[in-house]
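Take a look at the structure below.
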Amino acid sequence: MSWASELPDELVCRPMGLVVLTGLDTTYNAIHKSIWDSFCNNRKADRVPLQFKVLGADHEYPQCKLKRASYEWYVPKGIIKTNWFKKHLGEVPSLVVMFFDLDWDEILWQERQMECATVLEIVRNSLKGRGTRVCVVLIQKNTPLPPGEDMVAAERAASFCSACELSAKSLFVLPHTDHLFGYTIRLENAYYEQSQSYYHMEARRVKAHKEFLNKTTHQLLFVRHQIKIGFFNELKQDTHTALKHYKQAYGQLLELRMHNTNLLEIKTVAGFISYKICRLSFQHTAPLDAIAQFRKHIDFFKKKVGIAELAFEHSAWMAKQFQIFGDLFDEAIKLGLTAIQTQHPGFYCQQAANHAIARKQLCRGLCHPHAVYPVPDPLEFLTKLDYFGQRPWRQGHQSIDPPDLLREKDGIVALQSLELQVDHSWLIIPLLSTAVAQFKKYKSPRMKRYLMVQMGEEYYHAKDYAKALTLLSRVTWDYRSERWWPLLTSILITSLRCAYLICNVQEYVTICLELMGKYTQCSPDEKTRIQMNLIRVMSNDPPEPEPGCAADVIEKARPLWRVDTPSKHEPCIFNVEMNNIIPFVECKARFSCECFTADTPVVLQVYLRTCCQFPIRFSKLSVLLSNTAYSEGCIVSDGQSITSTESTEGKEGDLYLISGRPKMYTFTFLPVQEDVGKQLKIMSVDLELGSEASRCAILHWTDGGGDALSPPESLKTIEAMPKEAVDGNIEWDLVKVCAVTDIKPRVSCMDVTIQHDPPVLVNEVYAVKLGITCNEKSTIKNVSLSFGLKEGQESGFEISTHVGLDKPDSDRNTVSRLSDIDIGTIEPSQQCTRNVFLKCLQPGTRTISAKVKYHVDVTVDHQVISCVCFKEETVTLQAVSPFEVSVKMASMKFDMIETLHGDEPFLVMPEIQSVSVWPVVIEKSELALSAYVKMVDDTFQSQLNEVLLKKGEVAGECICLVAPPVIQNPVALGTYTLYWKRQSTDQSLPFVKTTLTLPLVTVEHIPLFVDLDVPAFGTVRSALPVTYTVYNRTGYVQEIEITMDSSDVFMFSGNKQLHFRILPNSKYKLTYNLFPLIPGSVPLPRLHLNMLRYPGTMDEIVHKMLPSHVFVMPKGTSEQQEGIIV
C-alpha cells in the first residue's frame, strides 16, 4: 500500500505558474545568459511566485485533447489522472515569452520583423487548442526614451504588433543596461498578471462543464472538476478559493459509492484532498480547522479496510495519513504556530508508528513467505498507472465485481509478496524517533520513555541489538525510581537478550545482577537459570541461550562466547556501578561512631546481604577511604573458586554469602596524625565477583552503599544501630549507613585562664594576663600559644583589633591574632603565665580566644604514639567609648553660631564628658588647625593638663580663632587630639591618642566690620564715652549712613545721623558721650548702619556684632565693681 499512500512530489510542492522563456541562447550568448540569471537567481519571498523554464521555439508541448460536445455517453474510468498535476506544473505553460534581439533603429527592420513573426507563429502552432498567453520581449542595446518622445519607436511598435498579430500589452522592451534587474522585476509583474488571467480562465472553463454532468454516471467527474478548479486557483495564488473547492471535492468524494473495487482509489484521492485542505488551513492560521478536517477524515475512513487479505494496506494508509499531518503540524509550528502539551505533532507521529506496527503484525499474519509469485506479473504496470489509487491489473475498472477473479487472486498474492520485502522496523523507528523528540520538546517524560521502549523493541526486531540495548538502558533508571517492576522486568529481559546476542559481557552481568534481585517479577526458576548463567560467564564459560531468541541469531551468537579466541584469553575486568541498579546483593558500610579521637582505634563495619536463589561466593572485598593509607588494611580476600560451595573460613576471609543472611566484616586501625582535625570518609566499597586472572566484575558502591531500594520515609528517621536478633542474625533494616566520621584531637589535660578588667575602652591599651597549667602525667613539648580575635566574626573587627605580646606598644602591632607563640616545655603541674595587650579601635562586642597547642606521648594498645592536643578558652569583650566629645562654635558674645564671618574672631569650645566606668586621666590636648584658620593669640595652650574625669563628669576648654575671608566653602577647621588612659596602678601602660575632626563651617565675607570701645561699667549721671570704629574690608570706597536711635535710659551727645565715605581697607571712628539715667544692665542706644552700595543688608549683621547692654552702677557707691557687657 505504500506505493498508493505516498504523496506525489507535484502535490507536495508549492504550486506556481509556469512561464516559458524562448529565444534565449544561454550557452553561447552572454547577454541572454545574464537575462536568464536575472530571472532565476535570488528568487526571494518578495518576488512574484512564478517558475521559469527556457525552451526552444520549436518545443513540442503536450497536445490538447479534443473538446467533448456532450458527456451523455461518457463513463469516467477514474477520479484523477496520475500525470495531470505534473503536466500543469511543469509542461503546460500559462505564458510563453519570446525574446528577440531587435532595436528600433535596426537597418533591416522589415526582414527582422518578418523573422520574429515566423518564429512566433511556430510557438502558437505548438500551443494550438490551449489558452496559453504569448508575448514578445525585444532585447535592445540602448535605453528607451520616455513615452511620447520617440516617434520612430511608436510607429515601429505599432507596425510590429500588426505584423505579429500581437496586442500592445503583449509587447515589451528590455534594454540591456546596468539596471537590468529593475527591468526584470517589472517584466515579472506583467507576466504574473497574464499568468493569473490564464489560470482564472482555465478554472472557469472546467467549471463550465458542470451543466453537462449528471449525478448518476458522472459522480467521479464532480470530484475531478473540483480538484482541478482548486489546483488552478492555487496556481493563481488564490488559496482561499482553492480551499473552498478542495472542501467541495472532499464532500462530493464522501458521497461516492464505495466497494472493494474502488475503495483504494477513493482513499488515495481522499488523502490527497485532505492534505491540501489541512495545509491551506495551516497557511491561513486556522489550525483548529485543519485538526477538525483531519479528525473527520480519519473517523470516516478508519474502518474502511477493504479486501481482508490486504488489510495491511489500510494500516499503511492510516500510518501515512498521521505522518503527513504530523509533518504539516510541525512545519506550521516552525512558522510561528504555538502548540500545547496536549496537542502537538508528537501524538500524530505516535499514532503513525502504532499503525505501522499494526501493519507489520498484519503482514506476519496474512502474508505467506513461501507463496509462489504469479506469472504473468500482475504488478507489471505498478509504476505506470493511468489514475491514482487503481490496481495495476484492472485499471479503469469501476464496477463492483472484479473482471477476472483469478487475476484478482494473483494480484493479492503479488501484493502480499511485495509487502514481505518491506523491513517494517525501519519504517517504525523514524516515526518513533520523531515522536520522542516532540514529547521531549513539550515536556512529557513518561510518554517519551514509553516510546523509547518501543524504539528499543523495534531495534531488537530489526536485529540492531547494540542500539536496542543503548535505548533500553536509558529508560530503566526512571522505571526503577518510579517502581514499575513489571515494566522494568520486561525491559531487562529484552536487554538481556540483546546483551547475549552481541556478547556484551559487562551489560550481560549487570542485567543478571538486577534480574536476580527480589524486586523483579521473574519466576524462581527463571532467576535460578539467570544465576547459573552468571556463574558460567564469570567462570569464563559460555552461558545458555536466552529464551525467546530466534534460532538463527542464537547460532550467530554462540561463536562470540567461545573462549578459544586469542582475545578471550586476556583478563576481562570491568566495573559495575551498583548505585545505578537494584541488584541482588546489598552493601552497607559504616563507622561505629560519628567521631574518634586521635588516641582511639577507628572501627569500620561492612555489611553484605544477598537475595538470590542459592548461595554465591565473591572473591574480594575492599574499602577505599579518603586517606588511601588505610585502604590496604581494609581488604578481605576469599581464596576459593566461585563454584566452590564450602562455607569454611579461609586464610584471609570468607565471602560465601547465603541468601537472606547478612554478614558483617570489621576493620580496625589507628588514625594517623595528618588526619587529626579532618573528616575521614568512605569513598567506595568494591566487591569482586570472579577471578582477576580470567574474568572479574567489580561491584562498585559509592560512599557507604545502602539499601538496593531506598526505604520509605518513615524508616529513614529510625536511629539505626546494628542489632542482633535472638538467633544472632543482624537486623538489616536497622543498620544505618555512616560514611563520614571526624578524627578529633586527643582530649587536652590542661587549664587556660584569662584575667582582665572589662570593659575595654576604645583605643586604649588593654592588658590581659594568660595562665597555663599542665595537668598531664608526662612532660608536654612544643607548647605554642595563639591569642587574638576568634575567626568567623565581622570583617570590620579584623582591621580594628590589634594584639601585642609582653610590651604595651600597640602602635607597632597591627595584627588581630598572634599565632604560634613558643612556650617551650612544661612539666606536670607546672604553671606558666604570659602578658598580652589588646587595642580595639571601634566599639562593639568581639570574642577573643586563647588556644594552646602541645605534643604529648601516650600509650595505646601497647604502642606509644605522639598526639597533638589543643586547649582553647574564649572570652567575650565589649569595647565602649571612654568619653563623648562635642564641639560648639560661638561668637565673641558667647552666642551659638553656625556661620562664620571673615576676619571676625570666634570661639571653639570642645566639651569632653566621661562615659567610662573607669576614671580616665587626660594628660593634655592638642589642636592642629587647617591652613584656612589661625589662632588669635598665635599659640595654643592646653587647658586640660592632668585632668581626672570620673563617669558623668565634663571637662572643656575655649579657643579663640579667626578665619580669613577669601576662601572656598565649606572650610575644615582641623583636628582636636586628646592624650589619655584609664587610671591604673600599672604605670607601664602608655597614654593613647584619640584624634577628633572638627566640624566643617561656612565662612561669609562681610564688607564692613564695626567695633565698639566702651568702658567696663558706667555710673548714673556720669559721662560714659564710647567709640564706634567702622572698618571697610572691600577694595572699593563705601558710602555709609549712620543713624542713632533715641533712648529713655541714656542722654548722649554726638551725631544722631551722619553720612560719610570710607576708603578701601580703611576705618572711620564715631565718638559719643552717654549719660546713664538709671542703674543696672541697661540697653545701649541702637546704632543703625546702611551701605548705599548694598542698601538694607548690613543693619542686622552690625547689630549682632555690637554689645547690646552695659552695666551702670548707682551713684555714691565707693565699691568698685565690674560692668558686664552682654
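In the C-alpha cells, chains take letters A, B, ... by order of appearance, with residues numbered from 1 within each chain and ligands from 1 in the order shown.
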
Close residues, range 1073-1084 of chain A itself excluded, 6 Å, only C-alpha atoms, min 4 positions apart in chain, as a list in words: Val1020, Arg1021, Ser1022, Ala1023, Leu1024, Pro1025, Val1049, Phe1050, Met1051, Phe1052, Ser1053, Ser1108, His1109, Val1110, Phe1111, Val1112, Met1113 and Pro1114 of chain A

Contacts of Leu256 in chain A within 10 Å, only C-alpha atoms, excl. fewer than 2 positions in-chain, as a ChimeraX atom specification: /A:215,219-220,223,251-254,258-259,262-263,266

Residue neighbourhood Ala972 in chain A, 10 Å, only C-alpha atoms, exclusion window fewer than 4 positions, as a PyMOL selection string: chain A and resi 929-933+997-1002

With N, CA and C atoms retained, write the just-selected residues as an mmCIF file, in the first residue's frame.
```cif
data_model
loop_
_atom_site.group_PDB
_atom_site.id
_atom_site.type_symbol
_atom_site.label_atom_id
_atom_site.label_comp_id
_atom_site.auth_asym_id
_atom_site.auth_seq_id
_atom_site.Cartn_x
_atom_site.Cartn_y
_atom_site.Cartn_z
ATOM 1 N N LEU A 929 45.328 73.088 63.401
ATOM 2 C CA LEU A 929 44.437 73.877 62.554
ATOM 3 C C LEU A 929 44.781 73.679 61.089
ATOM 4 N N SER A 930 43.738 73.831 60.253
ATOM 5 C CA SER A 930 43.947 73.768 58.806
ATOM 6 C C SER A 930 44.538 75.081 58.315
ATOM 7 N N ALA A 931 44.912 75.141 57.060
ATOM 8 C CA ALA A 931 45.538 76.342 56.504
ATOM 9 C C ALA A 931 44.577 77.513 56.385
ATOM 10 N N TYR A 932 43.263 77.264 56.552
ATOM 11 C CA TYR A 932 42.278 78.327 56.376
ATOM 12 C C TYR A 932 41.923 79.030 57.689
ATOM 13 N N VAL A 933 42.437 78.544 58.820
ATOM 14 C CA VAL A 933 42.089 79.097 60.119
ATOM 15 C C VAL A 933 43.382 79.342 60.907
ATOM 16 N N THR A 997 37.974 65.011 64.462
ATOM 17 C CA THR A 997 37.914 66.000 63.388
ATOM 18 C C THR A 997 36.922 67.079 63.759
ATOM 19 N N LEU A 998 37.372 68.352 63.706
ATOM 20 C CA LEU A 998 36.486 69.479 63.996
ATOM 21 C C LEU A 998 35.491 69.641 62.862
ATOM 22 N N PRO A 999 34.323 70.221 63.150
ATOM 23 C CA PRO A 999 33.273 70.301 62.111
ATOM 24 C C PRO A 999 33.646 71.216 60.959
ATOM 25 N N LEU A 1000 32.975 71.002 59.832
ATOM 26 C CA LEU A 1000 33.101 71.891 58.680
ATOM 27 C C LEU A 1000 32.221 73.111 58.890
ATOM 28 N N VAL A 1001 32.713 74.277 58.494
ATOM 29 C CA VAL A 1001 31.958 75.529 58.697
ATOM 30 C C VAL A 1001 31.925 76.293 57.387
ATOM 31 N N THR A 1002 30.999 77.244 57.336
ATOM 32 C CA THR A 1002 30.859 78.138 56.187
ATOM 33 C C THR A 1002 31.302 79.534 56.602
#
```

Counting only C-alpha atoms, the option among A:Leu978, A:Leu785, A:Val606, A:Ala353 closest to Ser925 in chain A: A:Leu978

Residues flagged helix (DSSP H, G or I) by DSSP in range 743-855 of chain A, as JSON, numbers by chain: {"A": [795, 796, 797, 798, 799, 800, 810, 811, 812]}

What would the file look like if the residues just selected were written as a short mmCIF file (atom, residue, chain, number, x, y, z; two decimals), in the first residue's frame with C-alpha atoms?
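What ended up in again-v6.cif:
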```
data_model
loop_
_atom_site.label_atom_id
_atom_site.label_comp_id
_atom_site.auth_asym_id
_atom_site.auth_seq_id
_atom_site.Cartn_x
_atom_site.Cartn_y
_atom_site.Cartn_z
CA SER A 795 35.18 41.68 58.84
CA GLY A 796 35.46 45.14 60.40
CA PHE A 797 36.79 43.66 63.64
CA GLU A 798 39.76 42.15 61.77
CA ILE A 799 41.02 45.63 60.95
CA SER A 800 40.02 47.40 64.17
CA SER A 810 50.32 48.58 70.36
CA ASP A 811 51.12 51.04 67.60
CA ARG A 812 53.67 48.66 66.13
#
```

Counting only C-alpha atoms, what are the residues of range 718-815 of chain A within 8 Å of range 851-869 of chain A, and for each of them which pair of atoms is the nearest and at what distance in Å, to one decimal? Sort the table by chain and rising number, as CSV.
```
residue,atom,partner,partner_atom,distance
A:Pro745,CA,A:Cys869,CA,5.8
A:Arg746,CA,A:Cys869,CA,5.5
A:Val747,CA,A:Cys869,CA,6.6
A:Ser748,CA,A:Cys869,CA,5.4
A:Ser778,CA,A:Val856,CA,7.4
A:Thr779,CA,A:Val856,CA,7.0
A:Ile780,CA,A:Val856,CA,5.1
A:Lys781,CA,A:His855,CA,5.2
A:Asn782,CA,A:Tyr854,CA,5.4
A:Val783,CA,A:Tyr854,CA,4.3
A:Ser784,CA,A:Lys853,CA,5.3
A:Leu785,CA,A:Val852,CA,4.6
A:Ser786,CA,A:Lys851,CA,5.1
A:Phe787,CA,A:Lys851,CA,6.4
```

Nearest to Trp918 in chain A, chosen from A:Trp426, A:Phe906, A:Tyr1068, A:Phe883, with only C-alpha atoms counted in the distances: A:Phe883

Shortest interatomic distance to Glu570 in chain A - which of A:Lys518, A:Lys443, A:Lys463, A:Arg695, counting only C-alpha atoms: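 Looking only at the distances to Glu570 in chain A, the closest residue turns out to be A:Arg695.
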
Residue contacts of Gly677 in chain A (9 Å, only C-alpha atoms) excluding same-chain residues fewer than 6 positions away, as a count of residues only: 4

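Coordinates place CA of Ser433 in chain A at a distance of 8.0 Å from CA of Leu451 in chain A.
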
Set the distance at 7 Å and use only C-alpha atoms: which residues neighbour Pro1085 in chain A once local chain neighbours fewer than 4 positions away are removed? I'd like the list as a compact mmCIF listing (two decimals) with C-alpha atoms, in the first residue's frame.
```
# COMPACT_ATOMS: atom_id res chain seq x y z
CA MET A 1044 21.49 106.53 66.31
CA ASP A 1045 18.19 105.67 67.98
CA SER A 1046 16.91 107.68 70.94
CA SER A 1047 16.91 106.02 74.35
```

Among the residues A:Leu288, A:Lys141, A:Met935, A:Lys678, the one that comes closest to Leu973 in chain A [using only C-alpha atoms]: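 Among the listed residues, the smallest separation from Leu973 in chain A belongs to A:Met935.
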
Between CA of Met896 in chain A and CA of Val962 in chain A, distance in Å (one decimal): 15.6 Å

Polymer residues at most 10 Å from Ser197 in chain A, only C-alpha atoms, same-chain spacing of 2 or more positions, as a VMD selection string: chain A and resid 94 to 95 131 to 133 191 to 195 199 to 202 236

Take the residues from that selection and put them in a file with all heavy atoms, as a short mmCIF file (atom, residue, chain, number, x, y, z; two decimals), in the first residue's frame.
```
data_model
loop_
_atom_site.label_atom_id
_atom_site.label_comp_id
_atom_site.auth_asym_id
_atom_site.auth_seq_id
_atom_site.Cartn_x
_atom_site.Cartn_y
_atom_site.Cartn_z
N SER A 94 1.55 28.73 -18.63
CA SER A 94 0.48 29.74 -18.62
C SER A 94 0.82 30.89 -19.55
O SER A 94 -0.06 31.61 -20.02
CB SER A 94 0.26 30.26 -17.21
OG SER A 94 1.45 30.87 -16.72
N LEU A 95 2.13 31.06 -19.80
CA LEU A 95 2.59 32.15 -20.64
C LEU A 95 3.88 31.73 -21.31
O LEU A 95 4.75 31.13 -20.67
CB LEU A 95 2.82 33.42 -19.78
CG LEU A 95 3.44 34.62 -20.47
CD1 LEU A 95 2.48 35.21 -21.50
CD2 LEU A 95 3.82 35.70 -19.45
N GLY A 131 -5.20 27.83 -24.06
CA GLY A 131 -5.37 29.27 -23.83
C GLY A 131 -4.12 29.95 -23.35
O GLY A 131 -4.18 31.04 -22.76
N THR A 132 -2.97 29.34 -23.58
CA THR A 132 -1.71 29.91 -23.13
C THR A 132 -1.46 31.25 -23.78
O THR A 132 -1.59 31.40 -25.01
CB THR A 132 -0.55 28.96 -23.44
OG1 THR A 132 -0.81 27.69 -22.82
CG2 THR A 132 0.76 29.51 -22.94
N ARG A 133 -1.08 32.26 -22.97
CA ARG A 133 -0.76 33.58 -23.50
C ARG A 133 0.63 33.56 -24.13
O ARG A 133 1.50 32.80 -23.73
CB ARG A 133 -0.77 34.62 -22.38
CG ARG A 133 -2.09 35.30 -22.10
CD ARG A 133 -3.20 34.41 -21.76
NE ARG A 133 -4.38 35.14 -21.28
CZ ARG A 133 -5.53 34.62 -21.05
NH1 ARG A 133 -5.70 33.31 -21.27
NH2 ARG A 133 -6.53 35.33 -20.60
N TYR A 191 4.21 39.55 -16.30
CA TYR A 191 3.98 38.13 -16.56
C TYR A 191 3.01 37.54 -15.54
O TYR A 191 2.16 36.70 -15.88
CB TYR A 191 5.30 37.35 -16.50
CG TYR A 191 6.33 37.78 -17.51
CD1 TYR A 191 7.68 37.41 -17.35
CD2 TYR A 191 5.99 38.54 -18.64
CE1 TYR A 191 8.63 37.79 -18.26
CE2 TYR A 191 6.95 38.92 -19.54
CZ TYR A 191 8.26 38.55 -19.35
OH TYR A 191 9.21 38.92 -20.25
N TYR A 192 3.17 37.95 -14.29
CA TYR A 192 2.34 37.41 -13.22
C TYR A 192 0.86 37.72 -13.47
O TYR A 192 -0.01 36.86 -13.26
CB TYR A 192 2.80 37.99 -11.89
CG TYR A 192 2.05 37.46 -10.69
CD1 TYR A 192 2.05 36.10 -10.40
CD2 TYR A 192 1.35 38.31 -9.86
CE1 TYR A 192 1.37 35.60 -9.30
CE2 TYR A 192 0.66 37.83 -8.76
CZ TYR A 192 0.66 36.47 -8.48
OH TYR A 192 -0.02 35.99 -7.41
N GLU A 193 0.58 38.90 -13.94
CA GLU A 193 -0.82 39.26 -14.24
C GLU A 193 -1.37 38.38 -15.36
O GLU A 193 -2.51 37.90 -15.28
CB GLU A 193 -0.89 40.73 -14.63
CG GLU A 193 -0.59 41.68 -13.48
CD GLU A 193 -0.66 43.14 -13.92
OE1 GLU A 193 -1.01 43.36 -15.11
OE2 GLU A 193 -0.37 44.02 -13.10
N GLN A 194 -0.59 38.17 -16.42
CA GLN A 194 -1.07 37.35 -17.53
C GLN A 194 -1.21 35.88 -17.11
O GLN A 194 -2.13 35.18 -17.54
CB GLN A 194 -0.12 37.48 -18.71
CG GLN A 194 -0.07 38.90 -19.28
CD GLN A 194 0.50 38.94 -20.68
OE1 GLN A 194 0.32 38.00 -21.45
NE2 GLN A 194 1.15 40.05 -21.02
N SER A 195 -0.27 35.42 -16.24
CA SER A 195 -0.37 34.04 -15.75
C SER A 195 -1.63 33.86 -14.92
O SER A 195 -2.35 32.86 -15.07
CB SER A 195 0.88 33.70 -14.94
OG SER A 195 0.77 32.42 -14.37
N TYR A 199 -4.84 31.10 -15.60
CA TYR A 199 -5.38 30.09 -14.68
C TYR A 199 -6.82 30.41 -14.28
O TYR A 199 -7.60 29.49 -14.00
CB TYR A 199 -4.47 29.97 -13.46
CG TYR A 199 -3.13 29.35 -13.78
CD1 TYR A 199 -1.94 30.04 -13.58
CD2 TYR A 199 -3.07 28.06 -14.29
CE1 TYR A 199 -0.73 29.47 -13.89
CE2 TYR A 199 -1.85 27.48 -14.60
CZ TYR A 199 -0.67 28.18 -14.41
OH TYR A 199 0.53 27.61 -14.72
N HIS A 200 -7.14 31.68 -14.27
CA HIS A 200 -8.54 32.05 -13.98
C HIS A 200 -9.46 31.54 -15.09
O HIS A 200 -10.54 30.98 -14.82
CB HIS A 200 -8.64 33.57 -13.84
CG HIS A 200 -10.04 34.05 -13.63
ND1 HIS A 200 -10.74 33.84 -12.45
CD2 HIS A 200 -10.89 34.72 -14.46
CE1 HIS A 200 -11.95 34.35 -12.55
NE2 HIS A 200 -12.07 34.90 -13.78
N MET A 201 -9.01 31.69 -16.32
CA MET A 201 -9.82 31.23 -17.44
C MET A 201 -9.89 29.71 -17.47
O MET A 201 -10.93 29.13 -17.80
CB MET A 201 -9.25 31.77 -18.75
CG MET A 201 -9.30 33.28 -18.88
SD MET A 201 -10.97 33.95 -18.67
CE MET A 201 -11.81 33.18 -20.05
N GLU A 202 -8.78 29.03 -17.10
CA GLU A 202 -8.81 27.58 -17.08
C GLU A 202 -9.80 27.07 -16.03
O GLU A 202 -10.53 26.10 -16.26
CB GLU A 202 -7.41 27.03 -16.78
CG GLU A 202 -6.42 27.17 -17.93
CD GLU A 202 -6.85 26.34 -19.13
OE1 GLU A 202 -7.01 25.12 -18.98
OE2 GLU A 202 -7.03 26.92 -20.23
N LYS A 236 -2.97 30.15 -9.35
CA LYS A 236 -3.30 31.57 -9.44
C LYS A 236 -2.95 32.31 -8.15
O LYS A 236 -3.04 33.53 -8.07
CB LYS A 236 -4.81 31.69 -9.75
CG LYS A 236 -5.33 33.09 -9.94
CD LYS A 236 -6.83 33.06 -10.02
CE LYS A 236 -7.42 34.46 -9.98
NZ LYS A 236 -8.90 34.44 -9.93
#
```

Filtered DSSP result for range 804-888 of chain A, state strand (DSSP E), as a count of residues only: 63

Selected residue, from A:Arg257, A:Val585, A:Pro369, A:Ala499, that lies nearest to Cys549 in chain A when counting only C-alpha atoms: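 Using only C-alpha atoms, Cys549 in chain A sits closest to A:Ala499.
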
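Compared by their closest atoms to Lys790 in chain A, and using only C-alpha atoms, the residues A:Ile848, A:Val740, A:Ala437, A:Ala45 rank with A:Ile848 nearest.
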
Separation of CA of Gly771 in chain A from CA of Gln755 in chain A, in Å and rounded to one decimal: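 CA of Gly771 in chain A sits 8.1 Å away from CA of Gln755 in chain A.
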